[in-house]
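Novice: Pasting work34.txt here (compact mmCIF, C-alpha atoms):
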```txt
# COMPACT_ATOMS: atom_id res chain seq x y z
CA MET A 16 -22.02 -17.39 24.39
CA THR A 17 -22.90 -15.99 21.00
CA ASP A 18 -21.79 -17.77 17.89
CA PRO A 19 -19.15 -15.62 16.19
CA ALA A 20 -20.20 -17.05 12.83
CA GLU A 21 -23.47 -15.20 13.20
CA HIS A 22 -21.70 -11.88 13.17
CA VAL A 23 -19.81 -12.17 9.95
CA THR A 24 -20.27 -8.97 7.99
CA GLU A 25 -20.44 -8.51 4.25
CA ALA A 26 -17.10 -6.71 4.38
CA GLU A 27 -15.55 -9.69 6.19
CA LEU A 28 -16.80 -12.07 3.53
CA HIS A 29 -14.99 -10.01 0.93
CA ALA A 30 -11.89 -9.66 3.11
CA TYR A 31 -11.86 -13.45 3.45
CA PHE A 32 -12.30 -13.83 -0.28
CA ASP A 33 -9.43 -11.44 -0.95
CA GLY A 34 -7.09 -12.99 1.60
CA GLU A 35 -7.21 -9.87 3.76
CA ILE A 36 -8.60 -11.31 6.96
CA ASP A 37 -6.85 -12.29 10.18
CA ALA A 38 -6.75 -15.89 11.36
CA GLU A 39 -9.39 -15.54 14.04
CA ARG A 40 -12.01 -13.92 11.83
CA ARG A 41 -11.07 -16.31 9.07
CA ARG A 42 -12.29 -19.16 11.25
CA ALA A 43 -15.54 -17.31 11.89
CA VAL A 44 -16.06 -16.77 8.16
CA VAL A 45 -15.30 -20.41 7.37
CA ALA A 46 -17.87 -21.47 9.98
CA HIS A 47 -20.35 -18.98 8.56
CA LEU A 48 -19.87 -20.28 5.04
CA ALA A 49 -20.28 -23.87 6.19
CA ALA A 50 -23.60 -22.91 7.77
CA HIS A 51 -24.72 -20.80 4.79
CA PRO A 52 -23.98 -22.66 1.56
CA GLU A 53 -25.77 -19.99 -0.48
CA GLU A 54 -23.15 -17.51 0.72
CA ALA A 55 -20.37 -19.88 -0.28
CA LEU A 56 -22.00 -20.11 -3.71
CA ARG A 57 -22.09 -16.36 -3.97
CA LEU A 58 -18.35 -16.20 -3.25
CA GLU A 59 -17.85 -18.83 -5.94
CA SER A 60 -19.57 -16.60 -8.48
CA TYR A 61 -17.36 -13.70 -7.37
CA ARG A 62 -14.37 -15.92 -8.00
CA ALA A 63 -15.65 -16.77 -11.45
CA GLN A 64 -16.21 -13.12 -12.34
CA ASP A 65 -12.79 -12.21 -10.96
CA MET A 66 -11.20 -14.71 -13.30
CA LEU A 67 -13.35 -13.52 -16.15
CA ILE A 68 -12.19 -9.91 -15.65
CA ARG A 69 -8.63 -11.14 -15.73
CA ARG A 70 -9.21 -13.21 -18.86
CA ALA A 71 -11.15 -10.52 -20.67
CA TYR A 72 -8.60 -7.76 -20.33
CA ARG A 73 -5.29 -9.56 -20.10
CA THR A 74 -4.67 -9.54 -23.85
CA LEU A 75 -4.70 -5.73 -23.83
CA ALA A 76 -1.23 -5.65 -22.30
CA GLU A 77 0.13 -7.94 -25.01
CA ARG A 78 -0.84 -5.80 -27.94
CA PRO A 79 1.82 -4.11 -30.02
CA MET A 80 2.90 -0.89 -28.39
CA ALA A 81 1.59 2.27 -30.02
CA PRO A 82 4.64 4.01 -31.51
CA ARG A 83 3.37 7.41 -30.42
CA LEU A 84 3.54 6.36 -26.79
CA LEU A 85 7.15 5.32 -27.18
CA ARG A 86 7.89 8.62 -28.94
CA VAL A 87 6.39 10.56 -26.06
CA LEU A 88 8.42 8.60 -23.60
CA LEU A 89 11.69 8.22 -25.44
CA GLY A 90 11.78 11.31 -27.61
CA GLN A 91 11.28 13.73 -24.76
CA GLY A 92 13.00 14.67 -21.55
CA ALA A 93 15.39 17.52 -22.12
CA MET A 94 17.48 16.53 -19.11
CA ARG A 95 18.07 13.05 -20.34
CA PRO A 96 21.16 12.27 -22.33
CA GLN A 97 19.92 10.67 -25.54
CA ARG A 98 21.72 7.44 -25.91
CA ARG A 99 20.67 3.84 -26.31
CA TRP A 100 17.00 4.56 -25.76
CA LEU A 101 16.68 5.92 -29.25
CA TRP A 102 16.19 2.58 -30.89
CA PRO A 103 13.73 2.21 -33.73
CA ALA A 104 10.29 2.02 -32.18
CA ALA A 105 9.60 -1.49 -33.47
CA VAL A 106 12.73 -2.86 -31.86
CA VAL A 107 11.85 -1.22 -28.60
CA ALA A 108 8.33 -2.58 -28.77
CA ALA A 109 9.54 -6.09 -29.46
CA GLY A 110 12.05 -5.86 -26.66
CA LEU A 111 9.65 -4.31 -24.22
CA LEU A 112 8.58 -7.48 -22.53
CA LEU A 113 12.13 -8.65 -22.06
CA PHE A 114 13.07 -5.19 -21.01
CA ALA A 115 10.31 -5.09 -18.45
CA ALA A 116 11.66 -8.36 -17.15
CA GLY A 117 15.12 -6.88 -16.88
CA THR A 118 14.03 -3.83 -14.98
CA THR A 119 11.91 -5.90 -12.67
CA SER A 120 14.68 -8.26 -11.76
CA GLY A 121 17.08 -5.40 -11.33
CA TRP A 122 14.37 -3.35 -9.69
CA TYR A 123 15.73 -3.27 -6.21
CA GLY A 124 19.29 -2.67 -7.24
CA HIS A 125 18.11 0.56 -8.73
CA ALA A 126 18.34 3.57 -6.45
CA LEU A 127 15.16 5.05 -7.87
CA LEU A 128 13.12 2.09 -6.82
CA ALA A 129 14.80 0.91 -3.68
CA PRO A 130 12.26 -0.56 -1.25
CA PRO A 131 12.11 0.45 2.39
CA ASP A 132 13.04 -3.05 3.56
CA PRO A 133 15.20 -4.96 1.09
CA ARG A 134 15.75 -8.00 3.30
CA PRO A 135 13.05 -10.45 2.16
CA HIS A 136 13.13 -9.07 -1.31
CA THR A 137 16.30 -10.74 -2.48
CA LEU A 138 14.45 -14.03 -2.12
CA VAL A 139 11.29 -12.74 -3.78
CA ALA A 140 13.21 -10.77 -6.42
CA ASP A 141 15.24 -13.84 -7.34
CA ALA A 142 12.07 -15.90 -7.55
CA ALA A 143 10.34 -13.24 -9.65
CA ALA A 144 13.36 -12.89 -11.94
CA ALA A 145 13.44 -16.64 -12.47
CA HIS A 146 9.72 -16.58 -13.21
CA LEU A 147 10.10 -13.80 -15.76
CA VAL A 148 12.92 -15.57 -17.53
CA TYR A 149 11.49 -19.08 -17.70
CA ALA A 150 7.69 -18.77 -17.57
CA VAL A 151 7.66 -17.27 -21.07
CA GLU A 152 9.79 -20.07 -22.53
CA VAL A 153 7.81 -22.02 -25.07
CA ARG A 154 10.20 -24.79 -26.01
CA HIS A 155 12.46 -25.13 -22.97
CA PRO A 156 10.57 -23.95 -19.91
CA VAL A 157 12.05 -26.68 -17.71
CA GLU A 158 15.11 -28.90 -17.49
CA VAL A 159 13.28 -31.94 -16.22
CA PRO A 160 9.72 -32.45 -17.44
CA ALA A 161 6.77 -33.56 -15.32
CA SER A 162 6.95 -37.02 -16.88
CA GLU A 163 10.06 -37.58 -14.77
CA GLN A 164 8.56 -36.22 -11.60
CA ASP A 165 10.18 -38.72 -9.23
CA HIS A 166 13.60 -38.04 -10.67
CA LEU A 167 12.90 -34.31 -10.48
CA ALA A 168 12.16 -34.44 -6.75
CA THR A 169 15.16 -36.64 -5.99
CA TRP A 170 17.56 -34.64 -8.09
CA LEU A 171 16.54 -31.20 -6.87
CA GLY A 172 16.29 -32.43 -3.29
CA ARG A 173 19.82 -33.79 -3.45
CA ARG A 174 21.20 -30.58 -4.92
CA LEU A 175 19.40 -28.38 -2.40
CA GLU A 176 20.28 -30.81 0.38
CA VAL A 177 16.73 -30.84 1.67
CA PRO A 178 14.04 -33.46 1.17
CA LEU A 179 11.96 -31.97 -1.61
CA ARG A 180 8.37 -32.74 -2.41
CA VAL A 181 6.74 -31.68 -5.64
CA PRO A 182 3.26 -30.48 -4.69
CA ASP A 183 0.34 -31.73 -6.74
CA LEU A 184 -1.87 -28.81 -7.79
CA ASP A 185 -4.08 -30.70 -10.24
CA ASP A 186 -7.16 -30.00 -8.13
CA SER A 187 -6.54 -26.29 -8.50
CA GLY A 188 -6.31 -26.62 -12.24
CA TYR A 189 -2.53 -26.32 -12.38
CA GLU A 190 -0.56 -29.11 -13.91
CA LEU A 191 3.14 -29.64 -13.28
CA VAL A 192 5.31 -28.68 -16.25
CA GLY A 193 8.56 -29.67 -14.57
CA GLY A 194 11.45 -28.02 -12.83
CA ARG A 195 14.95 -26.71 -13.05
CA LEU A 196 17.99 -25.97 -10.94
CA LEU A 197 19.01 -22.33 -10.56
CA PRO A 198 21.96 -20.49 -9.09
CA ALA A 199 21.22 -18.43 -5.99
CA ALA A 200 23.25 -16.28 -3.62
CA GLN A 201 26.53 -17.48 -2.08
CA GLY A 202 26.93 -20.29 -4.54
CA GLN A 203 23.85 -22.01 -3.16
CA PRO A 204 21.48 -23.65 -5.58
CA ALA A 205 17.78 -22.92 -5.81
CA ALA A 206 15.05 -24.75 -7.66
CA GLN A 207 12.08 -23.71 -9.70
CA LEU A 208 9.00 -25.82 -10.21
CA MET A 209 6.63 -24.71 -12.91
CA TYR A 210 2.89 -25.31 -13.25
CA GLN A 211 0.40 -24.23 -15.84
CA ASP A 212 -3.35 -24.08 -16.20
CA VAL A 213 -5.38 -25.10 -19.24
CA GLY A 214 -5.06 -21.59 -20.62
CA GLY A 215 -1.28 -21.91 -20.49
CA ARG A 216 -0.92 -19.45 -17.62
CA ARG A 217 2.07 -20.35 -15.55
CA VAL A 218 2.94 -20.07 -11.90
CA THR A 219 6.31 -20.99 -10.49
CA LEU A 220 7.34 -22.27 -7.10
CA TYR A 221 10.81 -21.18 -6.12
CA VAL A 222 12.61 -23.19 -3.45
CA ARG A 223 15.77 -22.42 -1.58
CA ALA A 224 17.41 -23.93 1.48
CA THR A 225 17.83 -21.49 4.37
CA ALA A 226 20.14 -21.42 7.36
CA GLY A 227 17.34 -20.71 9.82
CA ASP A 228 14.96 -23.22 11.22
CA GLN A 229 11.78 -21.26 11.43
CA GLN A 230 8.15 -21.34 10.48
CA THR A 231 6.71 -18.15 9.11
CA ALA A 232 3.27 -17.08 8.00
CA PHE A 233 2.55 -16.40 4.35
CA ARG A 234 3.79 -13.02 3.33
CA PHE A 235 2.75 -11.19 0.21
CA ALA A 236 4.93 -9.17 -2.13
CA ARG A 237 4.62 -7.62 -5.54
CA GLU A 238 7.30 -7.38 -8.18
CA GLY A 239 6.12 -5.34 -11.14
CA ASP A 240 3.16 -7.21 -12.59
CA LEU A 241 3.92 -10.31 -10.57
CA SER A 242 2.53 -11.30 -7.20
CA ALA A 243 4.28 -13.58 -4.77
CA PHE A 244 3.51 -15.36 -1.55
CA TYR A 245 6.54 -16.49 0.39
CA TRP A 246 7.09 -18.41 3.57
CA GLU A 247 9.68 -20.44 5.39
CA ASP A 248 9.11 -23.89 6.72
CA GLY A 249 11.97 -25.45 8.63
CA ASP A 250 15.13 -25.02 6.59
CA VAL A 251 13.36 -24.34 3.30
CA ALA A 252 12.08 -21.04 1.91
CA TRP A 253 9.25 -21.14 -0.63
CA VAL A 254 8.07 -18.47 -3.02
CA LEU A 255 5.00 -18.91 -5.18
CA VAL A 256 5.08 -16.45 -8.07
CA GLY A 257 2.45 -15.67 -10.66
CA ASP A 258 0.73 -13.01 -12.65
CA LEU A 259 -2.49 -13.73 -10.77
CA PRO A 260 -4.82 -11.75 -8.51
CA ARG A 261 -3.73 -11.93 -4.93
CA ALA A 262 -6.73 -13.98 -3.81
CA GLN A 263 -6.16 -16.67 -6.42
CA LEU A 264 -2.48 -16.83 -5.69
CA LEU A 265 -3.22 -17.12 -1.99
CA GLU A 266 -5.54 -20.00 -2.64
CA LEU A 267 -2.82 -21.73 -4.62
CA ALA A 268 -0.27 -21.01 -1.89
CA ASN A 269 -2.62 -22.67 0.58
CA ARG A 270 -2.80 -25.72 -1.69
CA VAL A 271 0.95 -25.85 -2.00
CA TYR A 272 1.37 -25.61 1.73
CA ALA A 273 -1.22 -28.31 2.35
CA ALA A 274 0.37 -30.59 -0.24
CA LEU A 275 3.78 -30.16 1.38
CA GLN A 276 2.41 -31.06 4.79
CA GLY A 277 0.29 -33.94 3.57
CA MET B 19 21.63 13.88 -10.20
CA PRO B 20 18.63 14.92 -12.30
CA GLY B 21 19.80 13.24 -15.51
CA GLU B 22 20.15 9.91 -13.75
CA ARG B 23 16.73 10.27 -12.21
CA ALA B 24 15.12 11.10 -15.54
CA ASP B 25 16.77 8.13 -17.17
CA GLY B 26 15.63 5.89 -14.34
CA LEU B 27 12.12 7.24 -14.59
CA THR B 28 12.04 6.63 -18.34
CA ARG B 29 13.05 3.04 -17.80
CA ALA B 30 10.53 2.59 -15.04
CA LEU B 31 7.77 4.17 -17.15
CA LEU B 32 8.65 1.96 -20.07
CA ALA B 33 8.24 -1.09 -17.89
CA GLN B 34 4.85 0.21 -16.70
CA LEU B 35 3.52 0.97 -20.18
CA PRO B 36 1.90 -2.37 -21.11
CA GLY B 37 0.10 -2.62 -17.78
CA LEU B 38 -0.96 1.01 -17.87
CA ARG B 39 -2.43 0.65 -21.35
CA ARG B 40 -4.35 -2.41 -20.26
CA TYR B 41 -5.73 -0.65 -17.22
CA ALA B 42 -6.62 2.48 -19.21
CA ALA B 43 -8.44 0.49 -21.90
CA ALA B 44 -10.37 -1.54 -19.36
CA LEU B 45 -11.33 1.59 -17.45
CA ALA B 46 -12.27 3.66 -20.50
CA GLY B 47 -13.96 0.75 -22.25
CA ASN B 48 -12.02 1.19 -25.46
CA ALA B 49 -8.46 0.87 -26.61
CA ALA B 50 -8.25 3.95 -28.84
CA ASP B 51 -9.24 6.45 -26.16
CA ALA B 52 -7.02 4.58 -23.75
CA ASP B 53 -3.89 5.41 -25.70
CA ASP B 54 -4.84 9.09 -25.64
CA LEU B 55 -5.18 8.80 -21.89
CA VAL B 56 -1.89 6.97 -21.52
CA GLN B 57 -0.11 9.52 -23.68
CA ASP B 58 -1.45 12.40 -21.58
CA CYS B 59 -0.59 10.43 -18.47
CA ILE B 60 3.04 9.94 -19.51
CA GLU B 61 3.40 13.57 -20.48
CA ARG B 62 2.04 14.65 -17.15
CA ALA B 63 4.18 12.14 -15.26
CA LEU B 64 7.33 13.40 -17.00
CA ALA B 65 6.37 17.01 -16.35
CA ARG B 66 5.59 16.41 -12.70
CA GLN B 67 8.18 13.82 -11.80
CA ASP B 68 9.28 15.89 -8.83
CA THR B 69 5.94 15.22 -7.16
CA LEU B 70 6.58 11.48 -7.16
CA ARG B 71 7.53 11.10 -3.52
CA GLN B 72 7.91 7.34 -3.32
CA PRO B 73 9.42 5.91 -6.47
CA GLU B 74 8.35 2.39 -5.51
CA SER B 75 4.72 3.47 -5.82
CA LEU B 76 5.13 4.63 -9.41
CA GLY B 77 2.40 2.29 -10.65
CA ARG B 78 -0.12 3.72 -8.22
CA TRP B 79 0.94 7.29 -8.92
CA LEU B 80 0.37 6.73 -12.64
CA LYS B 81 -3.07 5.28 -11.98
CA VAL B 82 -4.04 8.35 -9.98
CA ILE B 83 -2.94 10.63 -12.83
CA LEU B 84 -4.67 8.45 -15.38
CA HIS B 85 -7.87 8.31 -13.43
CA ASN B 86 -8.01 12.10 -13.03
CA LEU B 87 -7.45 12.51 -16.76
CA TYR B 88 -10.20 10.03 -17.49
CA VAL B 89 -12.74 11.75 -15.28
CA THR B 90 -11.87 15.11 -16.85
CA ALA B 91 -12.13 13.66 -20.36
CA LEU B 92 -15.50 12.12 -19.54
CA ARG B 93 -16.86 15.45 -18.40
CA ARG B 94 -15.53 17.23 -21.44
CA ARG B 95 -16.32 14.78 -24.16
CA GLY B 96 -19.01 12.47 -22.95
CA ALA B 97 -19.39 9.50 -25.26
CA PRO B 98 -16.34 7.37 -26.04
CA SER B 99 -15.08 7.27 -29.62
CA VAL B 100 -15.66 3.52 -29.87
CA SER B 101 -18.83 1.87 -28.55
CA ILE B 102 -18.68 -0.67 -25.75
CA GLU B 103 -20.12 -3.22 -28.20
CA GLU B 104 -17.11 -2.84 -30.43
CA PHE B 105 -14.76 -3.12 -27.49
CA ALA B 106 -16.58 -6.24 -26.26
CA GLU B 107 -16.25 -7.77 -29.71
CA ASP B 108 -12.59 -6.81 -29.93
CA LEU B 109 -11.74 -8.44 -26.59
CA ALA B 110 -13.91 -11.48 -27.26
CA LEU B 111 -12.10 -12.13 -30.53
CA SER B 112 -8.75 -11.87 -28.77
CA ALA B 113 -9.77 -14.69 -26.41
CA PRO B 114 -10.04 -18.44 -26.92
CA PRO B 115 -13.35 -19.35 -28.62
CA GLU B 116 -14.83 -21.04 -25.55
CA ASP B 117 -14.45 -17.82 -23.52
CA ARG B 118 -15.90 -15.44 -26.08
CA ASP B 119 -19.53 -15.28 -25.06
CA ARG B 120 -18.71 -14.80 -21.43
CA ILE B 121 -16.11 -12.15 -22.18
CA ARG B 122 -18.54 -10.26 -24.39
CA ASP B 123 -21.09 -10.27 -21.56
CA LEU B 124 -18.48 -9.24 -19.01
CA VAL B 125 -17.19 -6.30 -21.03
CA ARG B 126 -20.73 -5.05 -21.60
CA ALA B 127 -21.59 -5.46 -17.92
CA MET B 128 -18.40 -3.69 -16.83
CA GLY B 129 -19.19 -0.87 -19.23
CA ALA B 130 -22.62 -0.43 -17.66
CA LEU B 131 -21.18 -0.06 -14.14
CA SER B 132 -20.36 3.32 -12.64
CA THR B 133 -16.76 4.48 -13.12
CA GLU B 134 -16.12 4.00 -9.40
CA HIS B 135 -17.34 0.42 -9.43
CA ARG B 136 -15.53 -0.49 -12.62
CA GLN B 137 -12.37 1.05 -11.28
CA ILE B 138 -12.34 -0.79 -7.97
CA LEU B 139 -13.04 -4.13 -9.66
CA LEU B 140 -10.16 -3.54 -12.04
CA LEU B 141 -7.80 -2.52 -9.26
CA ILE B 142 -8.48 -5.65 -7.26
CA SER B 143 -9.06 -8.28 -9.94
CA LEU B 144 -6.92 -7.10 -12.82
CA GLU B 145 -4.22 -5.19 -11.00
CA GLY B 146 -4.16 -7.47 -7.96
CA MET B 147 -3.83 -4.60 -5.52
CA SER B 148 -4.38 -5.01 -1.78
CA TYR B 149 -7.07 -3.08 0.10
CA ARG B 150 -4.41 -0.84 1.58
CA GLU B 151 -2.89 -0.08 -1.83
CA ILE B 152 -6.31 0.73 -3.23
CA ALA B 153 -7.13 2.95 -0.25
CA GLU B 154 -3.88 4.86 -0.78
CA THR B 155 -4.34 5.09 -4.52
CA LEU B 156 -7.91 6.39 -4.33
CA ASP B 157 -7.27 8.32 -1.13
CA ILE B 158 -10.26 6.78 0.63
CA PRO B 159 -10.53 4.83 3.92
CA ILE B 160 -10.15 1.05 3.80
CA GLY B 161 -13.75 0.73 5.04
CA THR B 162 -14.90 2.57 1.93
CA VAL B 163 -12.77 0.30 -0.26
CA MET B 164 -14.49 -2.71 1.27
CA SER B 165 -18.03 -1.43 1.01
CA ARG B 166 -17.51 -0.13 -2.52
CA LEU B 167 -15.97 -3.42 -3.56
CA ALA B 168 -18.86 -5.38 -2.08
CA ARG B 169 -21.40 -3.27 -3.96
CA ALA B 170 -19.43 -3.42 -7.19
CA ARG B 171 -19.10 -7.20 -7.07
CA GLU B 172 -22.79 -7.60 -6.39
CA ARG B 173 -23.78 -5.24 -9.24
CA LEU B 174 -21.56 -7.12 -11.63
CA ARG B 175 -22.91 -10.46 -10.47
CA SER B 176 -26.53 -9.48 -11.07
CA ALA B 177 -25.65 -7.97 -14.44
CA LEU B 178 -23.89 -11.18 -15.49
CA GLU B 179 -26.76 -13.31 -14.24
CA GLY B 180 -29.13 -11.19 -16.28
CA ALA B 181 -26.98 -11.76 -19.35
CA GLU B 182 -26.93 -15.49 -18.67
CA ASP B 183 -30.72 -15.61 -18.36
CA ARG B 184 -31.09 -13.82 -21.66
CA ALA B 185 -28.68 -16.27 -23.28
CA VAL B 186 -30.67 -19.22 -21.92
CA ARG B 187 -33.89 -17.74 -23.31
CA ARG B 188 -32.27 -17.28 -26.70
CA ILE B 189 -31.30 -20.94 -26.79
CA LYS B 190 -34.78 -22.17 -25.77
```
I'd like the structure from this file rewritten - as structure tokens, please.
Specialist:
Amino acid sequence: MTDPAEHVTEAELHAYFDGEIDAERRRAVVAHLAAHPEEALRLESYRAQDMLIRRAYRTLAERPMAPRLLRVLLGQGAMRPQRRWLWPAAVVAAGLLLFAAGTTSGWYGHALLAPPDPRPHTLVADAAAAHLVYAVEVRHPVEVPASEQDHLATWLGRRLEVPLRVPDLDDSGYELVGGRLLPAAQGQPAAQLMYQDVGGRRVTLYVRATAGDQQTAFRFAREGDLSAFYWEDGDVAWVLVGDLPRAQLLELANRVYAALQG
Amino acid sequence: MPGERADGLTRALLAQLPGLRRYAAALAGNAADADDLVQDCIERALARQDTLRQPESLGRWLKVILHNLYVTALRRRGAPSVSIEEFAEDLALSAPPEDRDRIRDLVRAMGALSTEHRQILLLISLEGMSYREIAETLDIPIGTVMSRLARARERLRSALEGAEDRAVRRIK
């Protein structure tokens, strides 16, 4: 029998790296990497350059909006009734981030942007909305800080009526900030755990109890600029949300999953 | 109702603006030209909104328009109005001090790549798009996405290693 690890292609290495490979080939790639440490090193340098690309250009989106772009967008459109959009440009620019958050959370309620399958998206949309609202908070990002981690787990677990673990992501460079209780559909509570890296970039883990008792694979979704991996495990649904490349978020999701099993 | 649609599109475009500017600047290698591109892109998007078949793929649709405008502008004008060195300095100074050298090297190296390679790296790393989304956006097969990505990553890696070697020699 031939060793499948010998037949790993360059494209498969990248697919593995980007979280785009199926389980069977994933095993082959893992075996291949174990046998070829220099290849594993090469993937490490791809990871480093991926992060560097992200770091280098991310500040571009945070720069003050050029007024002329807002004029083009807001001052035009003969069909459009001119109403509240005609704010002074500076106000619009300042509100843009918040506004983007608003449209993203209300994204799927909007006929223009209705997705083909809305079912899983209420979960992901709620998680993304919670991320957008709280991840930017400087002074009050969480209700219960990481220093009270045991209390946090007990309290949220009791409110959600599921045993709740707070995953440790220190090894991935993400430190727990803390957590908060959130309202979710049908009067059910949800919880948000927040983590941040040394650069202050935050990811949130949204948790909600579910009626079903099923195990699902990781599924990927995008909400505006945010990426999310979501899965169900027993009677709990998890959503990991962040403004991260898919591959990095997947790696974190794997860590979360492992920490919850461990 | 057309008015409703236009209003919805305006809101959706507004939400896309910061990300679109970032992508345009990273692709063009300078922020000033990028805003020209984004302005043209919005004008074209508003004028051709009826050709947007799937509203949920607005972000991708805008990138296609933007990319076409960029390629046309490149052919017409050639050199960018701001050098890649200036752009590298600009981005480096926007970053935490410990990242600055590496960011300077990265921006230079990205600027030296072909447009196709720079674009695919930005789509995957900066925009976080999946292979399928990239294939649809660029209208190429997924196999081409994968091979182009592999080449682009390798080019960037050797360029960055070259920069690192030069830095080490400077220190010695």
Novice: Do a neighbour search on range 149-151 of chain B at 7 Å with all atoms listed in the file, toss out local chain neighbours closer than 4 positions, and write the hits as a PyMOL selection string.
Specialist: chain B and resi 155+160+163
Novice: Find the residue from B:Leu144, B:Leu64, B:Gly77, B:Cys59 that sits nearest to Gly239 in chain A; use all atoms listed in the file when measuring.
Specialist: B:Gly77
Novice: Between CA of Met209 in chain A and CA of Tyr72 in chain A, what is the distance, to one decimal in Å?
Specialist: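 About the pair CA of Met209 in chain A and CA of Tyr72 in chain A: they are 24.0 Å apart.
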Novice: Counting only C-alpha atoms, figure out which residue out of A:Val254, A:Val181, A:Leu48, A:Ala224 gets nearest to Ala274 in chain A.
Specialist: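 Closest to Ala274 in chain A of all the choices is A:Val181.
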Novice: Report as AutoDock Vina command-line options the centre and the edge lengths, in Å to one decimal, of the axis-aligned box holding every listed atom of range 169-182 of chain A, padded by 5 Å on each side.
Specialist:
```
--center_x 12.2 --center_y -32.5 --center_z -3.2 --size_x 27.9 --size_y 18.3 --size_z 19.8
```
Novice: What does the structure give for the distance between CA of Val222 in chain A and CA of Glu74 in chain B, in Å to one decimal?
Specialist: 26.0 Å
Novice: Since the input is missing atoms, can you rebuild N, CA and C atoms for range 32-47 of chain B and write them as a CSV table (one decimal), keeping the file's coordinate frame?
Specialist:
```
chain,number,residue,atom,x,y,z
B,32,LEU,N,8.7,2.9,-19.0
B,32,LEU,CA,8.6,2.0,-20.1
B,32,LEU,C,8.2,0.6,-19.6
B,33,ALA,N,8.7,0.2,-18.4
B,33,ALA,CA,8.2,-1.1,-17.9
B,33,ALA,C,6.8,-1.1,-17.5
B,34,GLN,N,6.3,0.1,-17.1
B,34,GLN,CA,4.8,0.2,-16.7
B,34,GLN,C,3.9,0.3,-17.9
B,35,LEU,N,4.4,0.6,-19.0
B,35,LEU,CA,3.5,1.0,-20.2
B,35,LEU,C,2.5,-0.1,-20.5
B,36,PRO,N,2.9,-1.4,-20.7
B,36,PRO,CA,1.9,-2.4,-21.1
B,36,PRO,C,0.8,-2.5,-20.1
B,37,GLY,N,1.1,-2.5,-18.8
B,37,GLY,CA,0.1,-2.6,-17.8
B,37,GLY,C,-0.8,-1.4,-17.7
B,38,LEU,N,-0.2,-0.2,-17.9
B,38,LEU,CA,-1.0,1.0,-17.9
B,38,LEU,C,-2.0,1.1,-19.0
B,39,ARG,N,-1.5,0.7,-20.2
B,39,ARG,CA,-2.4,0.6,-21.4
B,39,ARG,C,-3.6,-0.3,-21.1
B,40,ARG,N,-3.3,-1.4,-20.5
B,40,ARG,CA,-4.4,-2.4,-20.3
B,40,ARG,C,-5.4,-1.8,-19.3
B,41,TYR,N,-4.8,-1.2,-18.2
B,41,TYR,CA,-5.7,-0.6,-17.2
B,41,TYR,C,-6.6,0.5,-17.8
B,42,ALA,N,-5.9,1.3,-18.6
B,42,ALA,CA,-6.6,2.5,-19.2
B,42,ALA,C,-7.7,2.0,-20.1
B,43,ALA,N,-7.4,1.0,-20.9
B,43,ALA,CA,-8.4,0.5,-21.9
B,43,ALA,C,-9.6,-0.1,-21.2
B,44,ALA,N,-9.3,-0.9,-20.1
B,44,ALA,CA,-10.4,-1.5,-19.4
B,44,ALA,C,-11.2,-0.5,-18.6
B,45,LEU,N,-10.6,0.5,-18.2
B,45,LEU,CA,-11.3,1.6,-17.4
B,45,LEU,C,-12.2,2.4,-18.4
B,46,ALA,N,-11.6,2.8,-19.6
B,46,ALA,CA,-12.3,3.7,-20.5
B,46,ALA,C,-13.2,2.9,-21.4
B,47,GLY,N,-13.1,1.5,-21.4
B,47,GLY,CA,-14.0,0.8,-22.2
B,47,GLY,C,-13.7,0.8,-23.7
```
